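Undergrad: Below are the structure tokens for one structure; questions will follow.
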There are 2 protein chains.
Amino acid sequence: MQRTLSDVTYSDDEQALAGMAKALSHPVRVKILRLLAGESCCFTGELTEVIPMAQSTISQHLKALLDSGLIQGEIDPPKVKYCINRQNWERAERLFGFFFSEGCKERCNC
Amino acid sequence: MQRTLSDVTYSDDEQALAGMAKALSHPVRVKILRLLAGESCCFTGELTEVIPMAQSTISQHLKALLDSGLIQGEIDPPKVKYCINRQNWERAERLFGFFFSEGCKERCNC
DNA sequence: ATTATTAATCGTATATTTGCGATGAACTAA
DNA sequence: TTAGTTCATCGCAAATATACGATTAATAAT
């Protein structure tokens, strides 16, 4: 993308929050996270049984979640067990919690 | 096993959370929200002074934030004052808070 | 009226995302 | 070995997102 103007700079928190939000910005990824987090750790195969999407598409979304750090994969041949990454999950919880709680305080006179 | 594609259904919460996350999925929108929420309500013009992006681009991002419901606009000719929409902001706070707190409880044995 | 200011919208170019089927890689079981 | 299972990756097409400059609309001030 063309960037002829001076580049915008972002704080670490802004980038981290946007990155986490991007991982959550597709409903099927929210659904996958709920399945992984709420019930138990899942294998990819179980996800394809629950979500009517091509296996390759689900694998792509899992990769996006892996890249965000919100989940981790554990090889258990021939399957792969995906789990919530507790550390990053809690970091995301803090980031979003702080973002929403600190925003729009008494100074915002709308 | 072949299955019928393109018929994934999502709950209201899944769609709402993904929609809010999408609004937060670009760092400049996070920055705009922080400016609107943290300091004071801003006019668009003040944003263009702080963020080195074309006015049309910032206007596009503001429109995305408007569509998400996280902000609202108040016409104050010839300017437009954008503010956090408290109601939807708090809804987003609850949605994200619940999502992260309910996920990955004791059942998740990773 | 004319001019200035402000912000939305239009048109365009490019980048990214999304989804699928096909294929490949790694491992197991026979 | 051969065949089967599981999941990642490739290649492609379509949709969406991003960013810009130019233009338009609305209003205020002169």
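Chain lettering (A, B, ...) mirrors the order of the structure tokens, residue numbering begins at 1 for each chain separately, and ligand numbering begins at 1 in order of display.
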Taking only C-alpha atoms (C1' of nucleotides) into account and nothing else, which residues of chain C lie no more than 10 Å away from chain A? Please answer as a ChimeraX atom specification.
TA: /C:13-15,18-21,26-28
Undergrad: Pairing every C-alpha atom in order, fit chain B onto chain A and give me the RMSD in Å.
TA: 2.8 Å
Undergrad: Any idea what's packed within 12 Å of B:Gln87, counting only C-alpha atoms (C1' of nucleotides), ignoring anything in its chain fewer than 3 positions away? Could you give it as a ChimeraX atom specification?
TA: /A:100,104,110 /B:69-72,83-84,90-94
Undergrad: Write the residues you've just listed into a file as a PDB file, in the first residue's frame, and include C-alpha atoms for each of them.
TA:
ATOM      1  CA  PHE A 100     -12.312  -0.464  27.817  1.00  0.00           C
ATOM      2  CA  CYS A 104     -14.494   7.099  28.413  1.00  0.00           C
ATOM      3  CA  CYS A 110     -20.717  13.185  25.809  1.00  0.00           C
TER       4      CYS A 110
ATOM      5  CA  GLY B  69     -21.365   1.588  17.178  1.00  0.00           C
ATOM      6  CA  LEU B  70     -18.363   2.327  19.368  1.00  0.00           C
ATOM      7  CA  ILE B  71     -18.497   6.036  18.565  1.00  0.00           C
ATOM      8  CA  GLN B  72     -21.106   8.551  17.601  1.00  0.00           C
ATOM      9  CA  CYS B  83     -17.552  10.855  20.908  1.00  0.00           C
ATOM     10  CA  ILE B  84     -17.471   7.434  22.435  1.00  0.00           C
ATOM     11  CA  GLU B  90     -19.895  -0.744  27.862  1.00  0.00           C
ATOM     12  CA  ARG B  91     -21.517  -3.530  25.907  1.00  0.00           C
ATOM     13  CA  ALA B  92     -18.196  -4.206  24.219  1.00  0.00           C
ATOM     14  CA  GLU B  93     -16.509  -4.146  27.603  1.00  0.00           C
ATOM     15  CA  ARG B  94     -18.932  -6.780  28.862  1.00  0.00           C
TER      16      ARG B  94
END
Undergrad: Give me, as a PyMOL selection string, the residues of chain D touching chain B, with the criterion being at most 9 Å (counting only C-alpha atoms (C1' of nucleotides)).
TA: chain D and resi 18-21+26-28
Undergrad: For the residues in the current selection, export C-alpha atoms (C1' of nucleotides) as a PDB file, in the first residue's frame.
TA:
ATOM      1  C1'  DT D  18      -6.565   0.240   3.047  1.00  0.00           C
ATOM      2  C1'  DA D  19      -4.805   4.624   1.439  1.00  0.00           C
ATOM      3  C1'  DC D  20      -4.577   8.444  -1.438  1.00  0.00           C
ATOM      4  C1'  DG D  21      -5.962  12.714  -4.164  1.00  0.00           C
ATOM      5  C1'  DA D  26     -22.621  22.298   3.964  1.00  0.00           C
ATOM      6  C1'  DT D  27     -21.811  26.098   6.624  1.00  0.00           C
ATOM      7  C1'  DA D  28     -19.729  30.497   8.300  1.00  0.00           C
TER       8       DA D  28
END
Undergrad: Would you mind listing what lies within 12 Å of B:Phe43 as a list of chain:residue names, with only C-alpha atoms (C1' of nucleotides) counted and same-chain residues fewer than 4 positions away left out?
TA: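 Counting only C-alpha atoms (C1' of nucleotides), the residues come to B:Ile32, B:Leu35, B:Leu36, B:Leu47, B:Thr48, B:Glu49, B:Val50, B:Ile58, B:Ser59, B:Leu62, B:Gln72, B:Gly73, B:Glu74, B:Ile75, B:Asp76, B:Pro77, B:Pro78, B:Lys79, B:Val80, B:Lys81, B:Tyr82, B:Cys83, C:DT6, C:DA7.
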Undergrad: Using backbone DSSP assignments, extract all strand (DSSP E or B) residues from stretch 12-85 of chain B; output them as a ChimeraX atom specification.
TA: /B:42-43,71-76,79-84
Undergrad: Residues of chain A were defined as contacting chain B if any atom lay at most 9 Å from it, counting only C-alpha atoms; please report them as an NGL selection string.
TA: :A and (5-11 or 14-31 or 33-34 or 36-41 or 51-54 or 83-86 or 89-90 or 92-93 or 96-97 or 99-105 or 107-110)
